[in-house]
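K.L.:
What follows is run09.pdb, made up of PDB, C-alpha atoms:
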```pdb
ATOM      1  CA  MET R   1      54.048 -70.851   1.745
ATOM      2  CA  THR R   2      50.540 -69.536   1.668
ATOM      3  CA  ARG R   3      49.583 -65.962   2.443
ATOM      4  CA  TYR R   4      46.440 -63.805   2.127
ATOM      5  CA  GLU R   5      46.301 -60.356   0.640
ATOM      6  CA  ARG R   6      43.481 -57.786   0.429
ATOM      7  CA  VAL R   7      42.989 -56.703  -3.148
ATOM      8  CA  PRO R   8      40.173 -54.703  -4.809
ATOM      9  CA  GLU R   9      37.314 -56.700  -6.200
ATOM     10  CA  PRO R  10      37.194 -57.159  -9.967
ATOM     11  CA  ALA R  11      35.591 -54.435 -12.043
ATOM     12  CA  GLY R  12      31.893 -54.908 -12.458
ATOM     13  CA  ALA R  13      31.518 -56.764  -9.205
ATOM     14  CA  SER R  14      28.852 -55.275  -6.930
ATOM     15  CA  HIS R  15      28.648 -55.294  -3.159
ATOM     16  CA  HIS R  16      25.192 -55.838  -1.693
ATOM     17  CA  PRO R  17      25.007 -55.100   2.057
ATOM     18  CA  ASP R  18      22.437 -57.028   3.978
ATOM     19  CA  ASP R  19      19.842 -54.353   4.860
ATOM     20  CA  GLU R  20      17.014 -56.739   5.596
ATOM     21  CA  ILE R  21      15.591 -56.815   9.119
ATOM     22  CA  ASP R  22      15.967 -60.129  10.871
ATOM     23  CA  LEU R  23      12.857 -60.546  13.033
ATOM     24  CA  ARG R  24      14.453 -63.321  15.033
ATOM     25  CA  GLU R  25      17.339 -61.029  15.856
ATOM     26  CA  LEU R  26      14.929 -58.268  16.901
ATOM     27  CA  PHE R  27      13.032 -60.593  19.206
ATOM     28  CA  ALA R  28      16.302 -61.888  20.582
ATOM     29  CA  THR R  29      17.397 -58.312  21.302
ATOM     30  CA  LEU R  30      14.106 -57.538  23.037
ATOM     31  CA  TRP R  31      14.286 -60.745  25.045
ATOM     32  CA  ALA R  32      17.808 -59.938  26.163
ATOM     33  CA  GLY R  33      16.657 -56.505  27.365
ATOM     34  CA  LYS R  34      13.281 -57.592  28.664
ATOM     35  CA  TRP R  35      14.038 -56.534  32.229
ATOM     36  CA  ILE R  36      14.850 -53.012  31.121
ATOM     37  CA  VAL R  37      11.543 -52.800  29.244
ATOM     38  CA  ILE R  38       9.610 -54.254  32.179
ATOM     39  CA  LEU R  39      11.287 -51.959  34.716
ATOM     40  CA  ILE R  40      10.698 -48.760  32.737
ATOM     41  CA  THR R  41       7.122 -49.777  31.926
ATOM     42  CA  MET R  42       6.382 -50.443  35.598
ATOM     43  CA  LEU R  43       7.919 -47.121  36.616
ATOM     44  CA  PHE R  44       5.809 -45.202  34.104
ATOM     45  CA  ALA R  45       2.685 -47.164  35.043
ATOM     46  CA  ALA R  46       3.228 -46.411  38.727
ATOM     47  CA  GLY R  47       3.846 -42.759  37.934
ATOM     48  CA  GLY R  48       0.716 -42.573  35.795
ATOM     49  CA  VAL R  49      -1.425 -44.139  38.497
ATOM     50  CA  ALA R  50       0.051 -41.816  41.137
ATOM     51  CA  TYR R  51      -0.589 -38.771  38.952
ATOM     52  CA  ALA R  52      -4.147 -39.884  38.190
ATOM     53  CA  LEU R  53      -4.894 -40.396  41.875
ATOM     54  CA  TYR R  54      -3.291 -37.061  42.767
ATOM     55  CA  LYS R  55      -5.527 -35.114  40.397
ATOM     56  CA  PRO R  56      -8.729 -33.982  42.157
ATOM     57  CA  ASN R  57     -12.187 -34.808  40.881
ATOM     58  CA  ILE R  58     -13.678 -32.116  38.672
ATOM     59  CA  TYR R  59     -17.439 -31.820  38.234
ATOM     60  CA  GLN R  60     -19.234 -30.068  35.392
ATOM     61  CA  ALA R  61     -22.702 -28.518  35.422
ATOM     62  CA  ASN R  62     -24.466 -27.618  32.164
ATOM     63  CA  ALA R  63     -27.313 -25.254  31.387
ATOM     64  CA  LEU R  64     -29.020 -25.288  27.982
ATOM     65  CA  LEU R  65     -30.389 -21.877  27.002
ATOM     66  CA  ALA R  66     -32.562 -20.620  24.176
ATOM     67  CA  PRO R  67     -32.738 -17.034  22.902
ATOM     68  CA  ALA R  68     -35.731 -15.195  24.314
ATOM     69  CA  ASP R  69     -38.444 -13.843  22.017
ATOM     70  CA  GLY R  70     -37.904 -10.510  20.333
ATOM     71  CA  GLU R  71     -40.655  -8.849  22.375
ATOM     72  CA  SER R  72     -39.015  -9.648  25.685
ATOM     73  CA  GLY R  73     -35.449 -10.309  24.655
ATOM     74  CA  GLY R  74     -34.368  -6.839  23.664
ATOM     75  CA  ARG R  75     -35.224  -3.284  22.728
ATOM     76  CA  LEU R  76     -38.369  -3.034  20.611
ATOM     77  CA  GLY R  77     -38.191  -2.255  16.934
ATOM     78  CA  GLY R  78     -41.452  -3.417  15.457
ATOM     79  CA  GLN R  79     -43.615  -1.080  13.450
ATOM     80  CA  LEU R  80     -42.065   2.078  14.891
ATOM     81  CA  GLY R  81     -38.588   1.479  13.506
ATOM     82  CA  SER R  82     -39.039   3.826  10.565
ATOM     83  CA  LEU R  83     -40.486   6.539  12.787
ATOM     84  CA  ALA R  84     -37.580   6.189  15.188
ATOM     85  CA  SER R  85     -35.069   6.555  12.363
ATOM     86  CA  LEU R  86     -36.755   9.768  11.241
ATOM     87  CA  ALA R  87     -36.417  11.161  14.749
ATOM     88  CA  GLY R  88     -32.818  10.023  15.065
ATOM     89  CA  VAL R  89     -33.582   7.504  17.821
ATOM     90  CA  ASN R  90     -32.656   3.823  17.773
ATOM     91  CA  ILE R  91     -35.393   1.958  19.610
ATOM     92  CA  GLY R  92     -34.564  -1.636  18.935
ATOM     93  CA  GLU R  93     -32.319  -4.583  18.148
ATOM     94  CA  ASP R  94     -33.591  -7.921  16.995
ATOM     95  CA  ALA R  95     -33.450 -10.908  19.318
ATOM     96  CA  SER R  96     -30.623 -12.631  17.444
ATOM     97  CA  SER R  97     -28.230  -9.674  17.708
ATOM     98  CA  ASN R  98     -29.168  -9.183  21.343
ATOM     99  CA  THR R  99     -28.358 -12.849  22.002
ATOM    100  CA  VAL R 100     -24.961 -12.537  20.331
ATOM    101  CA  ILE R 101     -24.180  -9.488  22.443
ATOM    102  CA  ALA R 102     -25.323 -11.256  25.605
ATOM    103  CA  LYS R 103     -23.144 -14.275  24.801
ATOM    104  CA  GLU R 104     -20.071 -12.075  24.448
ATOM    105  CA  VAL R 105     -20.933 -10.042  27.535
ATOM    106  CA  LEU R 106     -21.206 -13.295  29.498
ATOM    107  CA  GLN R 107     -17.516 -13.946  28.794
ATOM    108  CA  SER R 108     -16.350 -10.348  29.053
ATOM    109  CA  ARG R 109     -13.843  -9.181  31.637
ATOM    110  CA  VAL R 110     -16.104  -6.476  33.078
ATOM    111  CA  PHE R 111     -19.068  -8.796  33.582
ATOM    112  CA  LEU R 112     -17.001 -11.640  35.063
ATOM    113  CA  THR R 113     -15.174  -9.306  37.428
ATOM    114  CA  ASP R 114     -18.467  -7.974  38.732
ATOM    115  CA  PHE R 115     -19.872 -11.522  38.909
ATOM    116  CA  ILE R 116     -16.940 -12.845  40.956
ATOM    117  CA  ARG R 117     -16.913  -9.891  43.324
ATOM    118  CA  ARG R 118     -20.691  -9.867  43.797
ATOM    119  CA  HIS R 119     -20.850 -13.535  44.748
ATOM    120  CA  GLU R 120     -17.580 -13.459  46.745
ATOM    121  CA  LEU R 121     -15.847 -16.146  44.707
ATOM    122  CA  GLU R 122     -12.279 -14.879  45.189
ATOM    123  CA  ALA R 123     -11.332 -17.455  47.827
ATOM    124  CA  PRO R 124     -13.155 -20.438  46.218
ATOM    125  CA  LEU R 125     -11.357 -19.669  42.951
ATOM    126  CA  MET R 126      -7.836 -18.983  44.185
ATOM    127  CA  ALA R 127      -7.308 -20.460  47.663
ATOM    128  CA  THR R 128      -8.982 -23.871  47.856
ATOM    129  CA  GLU R 129      -7.273 -27.209  48.431
ATOM    130  CA  ALA R 130     -10.292 -29.508  48.236
ATOM    131  CA  TRP R 131     -14.043 -29.837  48.708
ATOM    132  CA  ASN R 132     -15.427 -31.474  51.850
ATOM    133  CA  ASP R 133     -18.367 -33.640  50.763
ATOM    134  CA  GLN R 134     -19.480 -34.393  54.310
ATOM    135  CA  GLN R 135     -19.680 -30.767  55.419
ATOM    136  CA  ASN R 136     -20.416 -29.307  51.966
ATOM    137  CA  GLN R 137     -17.775 -26.620  52.314
ATOM    138  CA  TRP R 138     -14.428 -25.633  50.882
ATOM    139  CA  VAL R 139     -11.114 -26.609  52.400
ATOM    140  CA  TYR R 140      -8.792 -23.603  52.102
ATOM    141  CA  ASP R 141      -5.013 -23.450  52.023
ATOM    142  CA  PRO R 142      -4.160 -21.774  55.351
ATOM    143  CA  GLU R 143      -0.988 -20.263  53.913
ATOM    144  CA  VAL R 144      -2.988 -18.472  51.229
ATOM    145  CA  TYR R 145      -6.308 -17.631  52.887
ATOM    146  CA  ASN R 146      -7.617 -17.552  56.453
ATOM    147  CA  ALA R 147     -11.245 -18.649  56.293
ATOM    148  CA  GLU R 148     -12.015 -17.444  59.844
ATOM    149  CA  SER R 149     -10.711 -13.903  59.485
ATOM    150  CA  GLY R 150     -11.173 -13.606  55.741
ATOM    151  CA  GLY R 151      -7.606 -12.364  55.369
ATOM    152  CA  TRP R 152      -5.117 -13.269  52.668
ATOM    153  CA  GLY R 153      -1.595 -14.453  53.367
ATOM    154  CA  THR R 154       1.642 -12.918  52.173
ATOM    155  CA  ASN R 155       4.533 -14.214  50.096
ATOM    156  CA  GLU R 156       8.241 -14.219  50.981
ATOM    157  CA  ASP R 157       8.539 -10.565  49.999
ATOM    158  CA  GLY R 158       5.671  -9.586  52.285
ATOM    159  CA  GLU R 159       3.279  -8.891  49.411
ATOM    160  CA  SER R 160      -0.361  -9.839  49.802
ATOM    161  CA  LEU R 161      -1.598 -12.958  48.009
ATOM    162  CA  ARG R 162      -4.991 -11.385  47.363
ATOM    163  CA  PRO R 163      -5.677 -11.943  43.646
ATOM    164  CA  THR R 164      -6.243  -9.081  41.253
ATOM    165  CA  ASP R 165      -9.263  -8.774  38.997
ATOM    166  CA  TRP R 166      -7.078  -9.925  36.108
ATOM    167  CA  ASP R 167      -6.046 -13.090  37.981
ATOM    168  CA  LEU R 168      -9.633 -13.902  38.941
ATOM    169  CA  VAL R 169     -11.030 -13.522  35.433
ATOM    170  CA  GLU R 170      -8.197 -15.505  33.824
ATOM    171  CA  LYS R 171      -8.632 -18.308  36.339
ATOM    172  CA  PHE R 172     -12.397 -18.418  35.846
ATOM    173  CA  ARG R 173     -12.134 -18.398  32.050
ATOM    174  CA  GLU R 174      -9.396 -21.011  31.766
ATOM    175  CA  SER R 175     -10.451 -23.478  34.461
ATOM    176  CA  HIS R 176     -14.175 -23.070  35.005
ATOM    177  CA  LEU R 177     -16.271 -21.366  32.309
ATOM    178  CA  SER R 178     -17.141 -22.608  28.832
ATOM    179  CA  VAL R 179     -19.819 -21.172  26.529
ATOM    180  CA  SER R 180     -20.741 -22.744  23.191
ATOM    181  CA  GLU R 181     -23.473 -22.266  20.593
ATOM    182  CA  ASN R 182     -25.190 -24.846  18.428
ATOM    183  CA  GLN R 183     -25.053 -23.369  14.935
ATOM    184  CA  ASP R 184     -27.986 -25.496  13.774
ATOM    185  CA  ASN R 185     -30.601 -24.333  16.271
ATOM    186  CA  GLY R 186     -28.990 -21.358  18.033
ATOM    187  CA  MET R 187     -29.056 -22.997  21.465
ATOM    188  CA  ILE R 188     -26.453 -21.793  23.973
ATOM    189  CA  THR R 189     -24.765 -24.183  26.408
ATOM    190  CA  VAL R 190     -23.099 -22.763  29.513
ATOM    191  CA  ARG R 191     -20.696 -25.150  31.263
ATOM    192  CA  VAL R 192     -19.044 -24.556  34.620
ATOM    193  CA  LYS R 193     -16.401 -26.846  36.122
ATOM    194  CA  SER R 194     -15.458 -27.002  39.773
ATOM    195  CA  ARG R 195     -14.077 -29.343  42.411
ATOM    196  CA  SER R 196     -17.433 -28.960  44.119
ATOM    197  CA  PRO R 197     -20.505 -30.373  42.363
ATOM    198  CA  VAL R 198     -22.671 -27.999  44.372
ATOM    199  CA  ALA R 199     -20.595 -24.975  43.364
ATOM    200  CA  ALA R 200     -20.630 -26.030  39.687
ATOM    201  CA  MET R 201     -24.433 -26.057  39.682
ATOM    202  CA  GLN R 202     -24.769 -22.872  41.731
ATOM    203  CA  TRP R 203     -22.294 -20.859  39.668
ATOM    204  CA  THR R 204     -24.056 -21.897  36.469
ATOM    205  CA  GLU R 205     -27.402 -20.725  37.827
ATOM    206  CA  TRP R 206     -25.889 -17.446  38.979
ATOM    207  CA  LEU R 207     -24.340 -16.819  35.562
ATOM    208  CA  VAL R 208     -27.630 -17.319  33.733
ATOM    209  CA  LYS R 209     -29.523 -15.162  36.198
ATOM    210  CA  ASP R 210     -26.912 -12.402  36.237
ATOM    211  CA  ILE R 211     -26.583 -12.128  32.454
ATOM    212  CA  ASN R 212     -30.353 -11.761  32.140
ATOM    213  CA  GLU R 213     -30.365  -9.103  34.860
ATOM    214  CA  HIS R 214     -27.389  -7.325  33.309
ATOM    215  CA  MET R 215     -28.973  -7.112  29.863
ATOM    216  CA  ARG R 216     -32.327  -6.123  31.341
ATOM    217  CA  ALA R 217     -30.793  -3.300  33.384
ATOM    218  CA  GLN R 218     -28.831  -2.103  30.370
ATOM    219  CA  ASP R 219     -31.894  -1.981  28.116
ATOM    220  CA  VAL R 220     -34.036  -0.318  30.767
ATOM    221  CA  LYS R 221     -31.357   2.304  31.284
ATOM    222  CA  GLU R 222     -31.175   2.974  27.544
ATOM    223  CA  ALA R 223     -34.969   3.093  27.235
ATOM    224  CA  GLU R 224     -35.279   5.543  30.125
ATOM    225  CA  ALA R 225     -32.566   7.710  28.602
ATOM    226  CA  SER R 226     -34.470   7.649  25.297
ATOM    227  CA  ILE R 227     -37.700   8.621  27.043
ATOM    228  CA  SER R 228     -35.961  11.556  28.688
ATOM    229  CA  TYR R 229     -34.512  12.639  25.354
ATOM    230  CA  LEU R 230     -37.857  12.308  23.552
ATOM    231  CA  GLU R 231     -39.677  14.290  26.225
ATOM    232  CA  THR R 232     -37.138  17.068  25.853
ATOM    233  CA  LYS R 233     -37.592  17.128  22.088
ATOM    234  CA  LEU R 234     -41.371  17.018  22.523
ATOM    235  CA  ASP R 235     -41.260  20.191  24.603
ATOM    236  CA  GLU R 236     -39.134  21.904  21.981
ATOM    237  CA  THR R 237     -41.438  21.372  18.992
ATOM    238  CA  ASN R 238     -44.837  22.807  18.176
ATOM    239  CA  ILE R 239     -45.365  20.747  15.017
ATOM    240  CA  ALA R 240     -48.314  18.453  15.527
ATOM    241  CA  GLY R 241     -46.926  15.721  13.242
ATOM    242  CA  MET R 242     -43.585  15.559  15.070
ATOM    243  CA  GLN R 243     -45.356  15.620  18.417
ATOM    244  CA  GLN R 244     -47.341  12.561  17.347
ATOM    245  CA  VAL R 245     -44.123  10.796  16.373
ATOM    246  CA  PHE R 246     -42.522  11.597  19.720
ATOM    247  CA  TYR R 247     -45.602  10.371  21.604
ATOM    248  CA  GLN R 248     -45.471   7.059  19.734
ATOM    249  CA  LEU R 249     -41.758   6.673  20.415
ATOM    250  CA  ILE R 250     -42.209   7.451  24.105
ATOM    251  CA  GLU R 251     -44.984   4.863  24.227
ATOM    252  CA  SER R 252     -42.711   2.300  22.618
ATOM    253  CA  GLU R 253     -39.851   2.981  25.026
ATOM    254  CA  THR R 254     -42.230   2.843  27.984
ATOM    255  CA  ARG R 255     -43.457  -0.515  26.750
ATOM    256  CA  THR R 256     -39.866  -1.702  26.554
ATOM    257  CA  VAL R 257     -39.312  -0.798  30.196
ATOM    258  CA  MET R 258     -42.526  -2.520  31.264
ATOM    259  CA  LEU R 259     -41.789  -5.751  29.377
ATOM    260  CA  ALA R 260     -38.186  -5.817  30.570
ATOM    261  CA  ASN R 261     -39.237  -5.520  34.194
ATOM    262  CA  ALA R 262     -42.019  -8.082  33.788
ATOM    263  CA  GLN R 263     -39.941 -10.750  32.013
ATOM    264  CA  GLN R 264     -37.908 -12.899  34.391
ATOM    265  CA  GLU R 265     -35.727 -14.519  31.708
ATOM    266  CA  TYR R 266     -34.943 -11.514  29.574
ATOM    267  CA  VAL R 267     -32.333 -12.628  27.026
ATOM    268  CA  PHE R 268     -31.916 -16.362  27.656
ATOM    269  CA  LYS R 269     -34.685 -18.797  28.482
ATOM    270  CA  THR R 270     -33.584 -21.881  30.375
ATOM    271  CA  VAL R 271     -34.455 -25.031  28.434
ATOM    272  CA  ASP R 272     -32.513 -27.468  30.620
ATOM    273  CA  PRO R 273     -31.391 -26.026  33.979
ATOM    274  CA  ALA R 274     -28.156 -26.945  35.705
ATOM    275  CA  VAL R 275     -28.296 -29.726  38.292
ATOM    276  CA  VAL R 276     -25.773 -31.009  40.826
ATOM    277  CA  PRO R 277     -23.585 -33.457  38.848
ATOM    278  CA  GLN R 278     -23.405 -36.935  40.345
ATOM    279  CA  GLU R 279     -20.388 -38.077  38.315
ATOM    280  CA  LYS R 280     -17.036 -36.427  37.786
ATOM    281  CA  SER R 281     -16.153 -35.158  34.319
ATOM    282  CA  GLU R 282     -12.399 -35.452  34.841
ATOM    283  CA  PRO R 283      -9.741 -36.677  35.270
ATOM    284  CA  LYS R 284      -9.947 -39.845  33.165
ATOM    285  CA  ARG R 285      -7.804 -41.889  35.517
ATOM    286  CA  ALA R 286      -7.926 -45.162  33.580
ATOM    287  CA  LEU R 287      -6.903 -43.384  30.373
ATOM    288  CA  ILE R 288      -4.027 -41.614  32.126
ATOM    289  CA  ALA R 289      -2.722 -44.917  33.522
ATOM    290  CA  VAL R 290      -2.975 -46.693  30.155
ATOM    291  CA  VAL R 291      -1.216 -43.888  28.264
ATOM    292  CA  ALA R 292       1.569 -43.710  30.844
ATOM    293  CA  THR R 293       2.077 -47.481  30.640
ATOM    294  CA  MET R 294       2.249 -47.413  26.836
ATOM    295  CA  LEU R 295       4.761 -44.560  26.892
ATOM    296  CA  GLY R 296       6.898 -46.467  29.378
ATOM    297  CA  GLY R 297       6.852 -49.584  27.208
ATOM    298  CA  MET R 298       7.812 -47.676  24.062
ATOM    299  CA  LEU R 299      10.605 -45.859  25.869
ATOM    300  CA  GLY R 300      11.955 -49.147  27.259
ATOM    301  CA  ILE R 301      11.988 -50.747  23.802
ATOM    302  CA  PHE R 302      13.717 -47.709  22.341
ATOM    303  CA  ILE R 303      16.441 -47.845  25.008
ATOM    304  CA  VAL R 304      17.015 -51.571  24.410
ATOM    305  CA  PHE R 305      17.446 -51.061  20.663
ATOM    306  CA  VAL R 306      19.783 -48.104  21.193
ATOM    307  CA  GLN R 307      21.950 -50.183  23.519
ATOM    308  CA  ALA R 308      22.013 -53.065  21.005
ATOM    309  CA  PHE R 309      22.995 -50.690  18.210
ATOM    310  CA  VAL R 310      25.828 -49.211  20.250
ATOM    311  CA  ARG R 311      27.147 -52.646  21.228
ATOM    312  CA  SER R 312      26.908 -54.104  17.699
ATOM    313  CA  GLY R 313      29.963 -52.226  16.470
ATOM    314  CA  LYS R 314      31.545 -48.826  16.223
ATOM    315  CA  GLY R 315      32.659 -48.241  12.670
ATOM    316  CA  GLU R 316      31.728 -48.713   9.038
ATOM    317  CA  PRO R 317      32.569 -52.040   7.379
ATOM    318  CA  GLU R 318      35.134 -51.871   4.644
ATOM    319  CA  ASN R 319      33.560 -51.806   1.218
ATOM    320  CA  ASN R 320      34.721 -53.174  -2.084
ATOM    321  CA  VAL R 321      37.401 -55.321  -0.482
ATOM    322  CA  GLY R 322      37.750 -59.070  -0.851
ATOM    323  CA  LEU R 323      40.080 -61.745   0.369
ATOM    324  CA  ILE R 324      41.866 -63.938  -2.145
ATOM    325  CA  GLU R 325      44.308 -66.656  -1.538
ATOM    326  CA  LYS R 326      47.671 -66.444  -3.228
ATOM    327  CA  SER R 327      50.381 -69.115  -3.232
ATOM    328  CA  GLU R 328      54.017 -68.340  -3.477
ATOM    329  CA  ILE R 329      56.687 -71.029  -3.842
ATOM    330  CA  ARG R 330      60.058 -70.272  -2.612
TER     331      ARG R 330
END
```
Would it be possible to restate this file's structure as structure tokens?
P.N.:
Amino acid sequence: MTRYERVPEPAGASHHPDDEIDLRELFATLWAGKWIVILITMLFAAGGVAYALYKPNIYQANALLAPADGESGGRLGGQLGSLASLAGVNIGEDASSNTVIAKEVLQSRVFLTDFIRRHELEAPLMATEAWNDQQNQWVYDPEVYNAESGGWGTNEDGESLRPTDWDLVEKFRESHLSVSENQDNGMITVRVKSRSPVAAMQWTEWLVKDINEHMRAQDVKEAEASISYLETKLDETNIAGMQQVFYQLIESETRTVMLANAQQEYVFKTVDPAVVPQEKSEPKRALIAVVATMLGGMLGIFIVFVQAFVRSGKGEPENNVGLIEKSEIR
């Protein structure tokens, strides 16, 4: 009679599991689960296309700016700087520092709040659904904002939906405004995005104009305050030398006021003005559809391989065990 027993392999014998990947088996697995891959890929592709079509067109307007000259771009220093320091009066900043300050002011919360309120951009920022190209006007969400009455809606708790200054500035910074500087030549680029190409161009122009006006008004105010201070000190001294210094400083500050009021582009000169964009800047619909399709395909393949792995067996093969045949005669 013949029987089989499991006995340990001889000492020194080694067990080499087959860890090599069989490409034919992989392709066979994929072919067996091809409908799963196709279905998931089609679902993701359809979802990507739907998402891309759902996203509204966004237009971007750009304005290229150059720092204004030192004479017209800021408070005057010039030859009277040493005299001003002796009198304890700061009469000037160079054009580069004034440009840096203006760039930061352009993105500051105080300036943007005033900019949004002055140009009545609360509703276009927070309550629009779309832009009507035929009528060149905004389409507002009636549940949020009533365009006819100018009133804001309320939420379920009865609280007004009117945005706060914080909400307006955050929305404008995150979704609309971008300011960058070319480190090689010092040029400043102001970019504004909007669903409306007209609004993108108009808001960019307003920003450039308002920052120039803001810096001009600030410098004129400081110069006038300096003139008032110097005139007071002039009346208090009888020393001829100090009187001469004060006269020169007053002349310098008066010149600052005159140049500031005469210069239209005070801090930034427009090199390339903003125009109404003819093409959208985003979304990249073709790219969205392609990426969604690729993700769907990879997910489908992953699921097929996971299913094949689960079905292949649940347990570790026994190691170091062999079958030998043993005969026993009875």
K.L.:
Which one of R:Arg216, R:Arg285, R:Arg109, R:Lys34 sits closest to Arg173 of chain R if you count all atoms listed in the file?
P.N.:
R:Arg109
K.L.:
Quick one: residues within 12 Å of segment 286-296 of chain R, all atoms listed in the file, excluding same-chain residues fewer than 3 positions away - as a ChimeraX atom specification?
P.N.:
/R:36-55,282-283,299-303
K.L.:
Would you please work out which residue, of R:Asp210, R:Glu253, R:Glu236, R:Glu129, is nearest to Glu222 of chain R when using all atoms listed in the file?
P.N.:
R:Glu253
K.L.:
For segment 150-160 of chain R, please output as number ranges by chain all residues within 12 Å (counting only C-alpha atoms; exclusion window: fewer than 2 positions along the same chain).
P.N.:
R: 120, 122-124, 126-127, 140-148, 162-164
K.L.:
Since we have the selection now, will you write its residues out, keeping C-alpha atoms, as a PDB file, in the coordinates of the input?
P.N.:
```pdb
ATOM      1  CA  GLU R 120     -17.580 -13.459  46.745  1.00  0.00           C
ATOM      2  CA  GLU R 122     -12.279 -14.879  45.189  1.00  0.00           C
ATOM      3  CA  ALA R 123     -11.332 -17.455  47.827  1.00  0.00           C
ATOM      4  CA  PRO R 124     -13.155 -20.438  46.218  1.00  0.00           C
ATOM      5  CA  MET R 126      -7.836 -18.983  44.185  1.00  0.00           C
ATOM      6  CA  ALA R 127      -7.308 -20.460  47.663  1.00  0.00           C
ATOM      7  CA  TYR R 140      -8.792 -23.603  52.102  1.00  0.00           C
ATOM      8  CA  ASP R 141      -5.013 -23.450  52.023  1.00  0.00           C
ATOM      9  CA  PRO R 142      -4.160 -21.774  55.351  1.00  0.00           C
ATOM     10  CA  GLU R 143      -0.988 -20.263  53.913  1.00  0.00           C
ATOM     11  CA  VAL R 144      -2.988 -18.472  51.229  1.00  0.00           C
ATOM     12  CA  TYR R 145      -6.308 -17.631  52.887  1.00  0.00           C
ATOM     13  CA  ASN R 146      -7.617 -17.552  56.453  1.00  0.00           C
ATOM     14  CA  ALA R 147     -11.245 -18.649  56.293  1.00  0.00           C
ATOM     15  CA  GLU R 148     -12.015 -17.444  59.844  1.00  0.00           C
ATOM     16  CA  ARG R 162      -4.991 -11.385  47.363  1.00  0.00           C
ATOM     17  CA  PRO R 163      -5.677 -11.943  43.646  1.00  0.00           C
ATOM     18  CA  THR R 164      -6.243  -9.081  41.253  1.00  0.00           C
TER      19      THR R 164
END
```
K.L.:
Env of Ala260 of chain R: 7 Å cut, atoms = all atoms listed in the file, seq-sep filter 3 positions within chain, self excluded. Answer as a list in words.
P.N.:
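Residues near the query, excluding close chain neighbours: Ser72, Arg216, Val220, Thr256, Val257, Gln263 and Tyr266 of chain R.
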K.L.:
How many Å separate atom CA of Gly33 of chain R from atom CA of Phe305 of chain R?
P.N.:
8.7 Å
K.L.:
Identify which of the residues R:Ile101, R:Ala274, R:Ala63, R:Ala217 lies closest to Asn261 of chain R, counting only C-alpha atoms when measuring atom-to-atom distances.
P.N.:
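Looking only at the distances to Asn261 of chain R, the closest residue turns out to be R:Ala217.
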K.L.:
What separation in Å, quoted to one decimal, exists between atom CA of His119 of chain R and atom CA of Lys193 of chain R?
P.N.:
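Separating atom CA of His119 of chain R from atom CA of Lys193 of chain R is a distance of 16.5 Å.
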K.L.:
I need the residue set behind the PyMOL selection byres ((chain R and resi 189) around 6) for this file; please write it as an NGL selection string.
P.N.:
:R and (63-64 or 179-180 or 188 or 190)
K.L.:
Spell out the residues picked by the PyMOL selection byres ((chain R and resi 169-172) around 8) here, as a list in words.
P.N.:
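That selection, the PyMOL selection byres ((chain R and resi 169-172) around 8), comes back as Arg109, Leu112, Thr113, Leu125, Met126, Asp165, Trp166, Asp167, Leu168, Arg173, Glu174, Ser175, His176 and Leu177 of chain R.
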K.L.:
Could those selected residues go to a file with C-alpha atoms, as a PDB file, in the frame of the given file?
P.N.:
```pdb
ATOM      1  CA  ARG R 109     -13.843  -9.181  31.637  1.00  0.00           C
ATOM      2  CA  LEU R 112     -17.001 -11.640  35.063  1.00  0.00           C
ATOM      3  CA  THR R 113     -15.174  -9.306  37.428  1.00  0.00           C
ATOM      4  CA  LEU R 125     -11.357 -19.669  42.951  1.00  0.00           C
ATOM      5  CA  MET R 126      -7.836 -18.983  44.185  1.00  0.00           C
ATOM      6  CA  ASP R 165      -9.263  -8.774  38.997  1.00  0.00           C
ATOM      7  CA  TRP R 166      -7.078  -9.925  36.108  1.00  0.00           C
ATOM      8  CA  ASP R 167      -6.046 -13.090  37.981  1.00  0.00           C
ATOM      9  CA  LEU R 168      -9.633 -13.902  38.941  1.00  0.00           C
ATOM     10  CA  ARG R 173     -12.134 -18.398  32.050  1.00  0.00           C
ATOM     11  CA  GLU R 174      -9.396 -21.011  31.766  1.00  0.00           C
ATOM     12  CA  SER R 175     -10.451 -23.478  34.461  1.00  0.00           C
ATOM     13  CA  HIS R 176     -14.175 -23.070  35.005  1.00  0.00           C
ATOM     14  CA  LEU R 177     -16.271 -21.366  32.309  1.00  0.00           C
TER      15      LEU R 177
END
```
K.L.:
Atom CA of Lys280 of chain R and atom CA of Asn57 of chain R are how many Å apart?
P.N.:
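Computing it gives 6.0 Å between the two atoms.
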K.L.:
Around the point (-33.5, -25.2, 30.3), in the coordinates given by the file, pick out the residues reaching within 6 Å, counting all atoms listed in the file, and return them as a list in words.
P.N.:
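The distance filter leaves exactly Leu64, Leu65, Thr270, Val271, Asp272 and Pro273 of chain R.
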K.L.:
Applying 12 Å and only C-alpha atoms, which residues near Leu26 of chain R remain after dropping the ones on its own chain fewer than 2 positions away? List them as a VMD selection string.
P.N.:
chain R and resid 20 to 24 28 to 34 301 to 302 304 to 305 308 to 309
K.L.:
Could you turn the residues from that selection into a file that holds C-alpha atoms, as a CSV table (one decimal), in the coordinates of the input?
P.N.:
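Result saved to again_39.csv:
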```csv
chain,number,residue,atom,x,y,z
R,20,GLU,CA,17.0,-56.7,5.6
R,21,ILE,CA,15.6,-56.8,9.1
R,22,ASP,CA,16.0,-60.1,10.9
R,23,LEU,CA,12.9,-60.5,13.0
R,24,ARG,CA,14.5,-63.3,15.0
R,28,ALA,CA,16.3,-61.9,20.6
R,29,THR,CA,17.4,-58.3,21.3
R,30,LEU,CA,14.1,-57.5,23.0
R,31,TRP,CA,14.3,-60.7,25.0
R,32,ALA,CA,17.8,-59.9,26.2
R,33,GLY,CA,16.7,-56.5,27.4
R,34,LYS,CA,13.3,-57.6,28.7
R,301,ILE,CA,12.0,-50.7,23.8
R,302,PHE,CA,13.7,-47.7,22.3
R,304,VAL,CA,17.0,-51.6,24.4
R,305,PHE,CA,17.4,-51.1,20.7
R,308,ALA,CA,22.0,-53.1,21.0
R,309,PHE,CA,23.0,-50.7,18.2
```
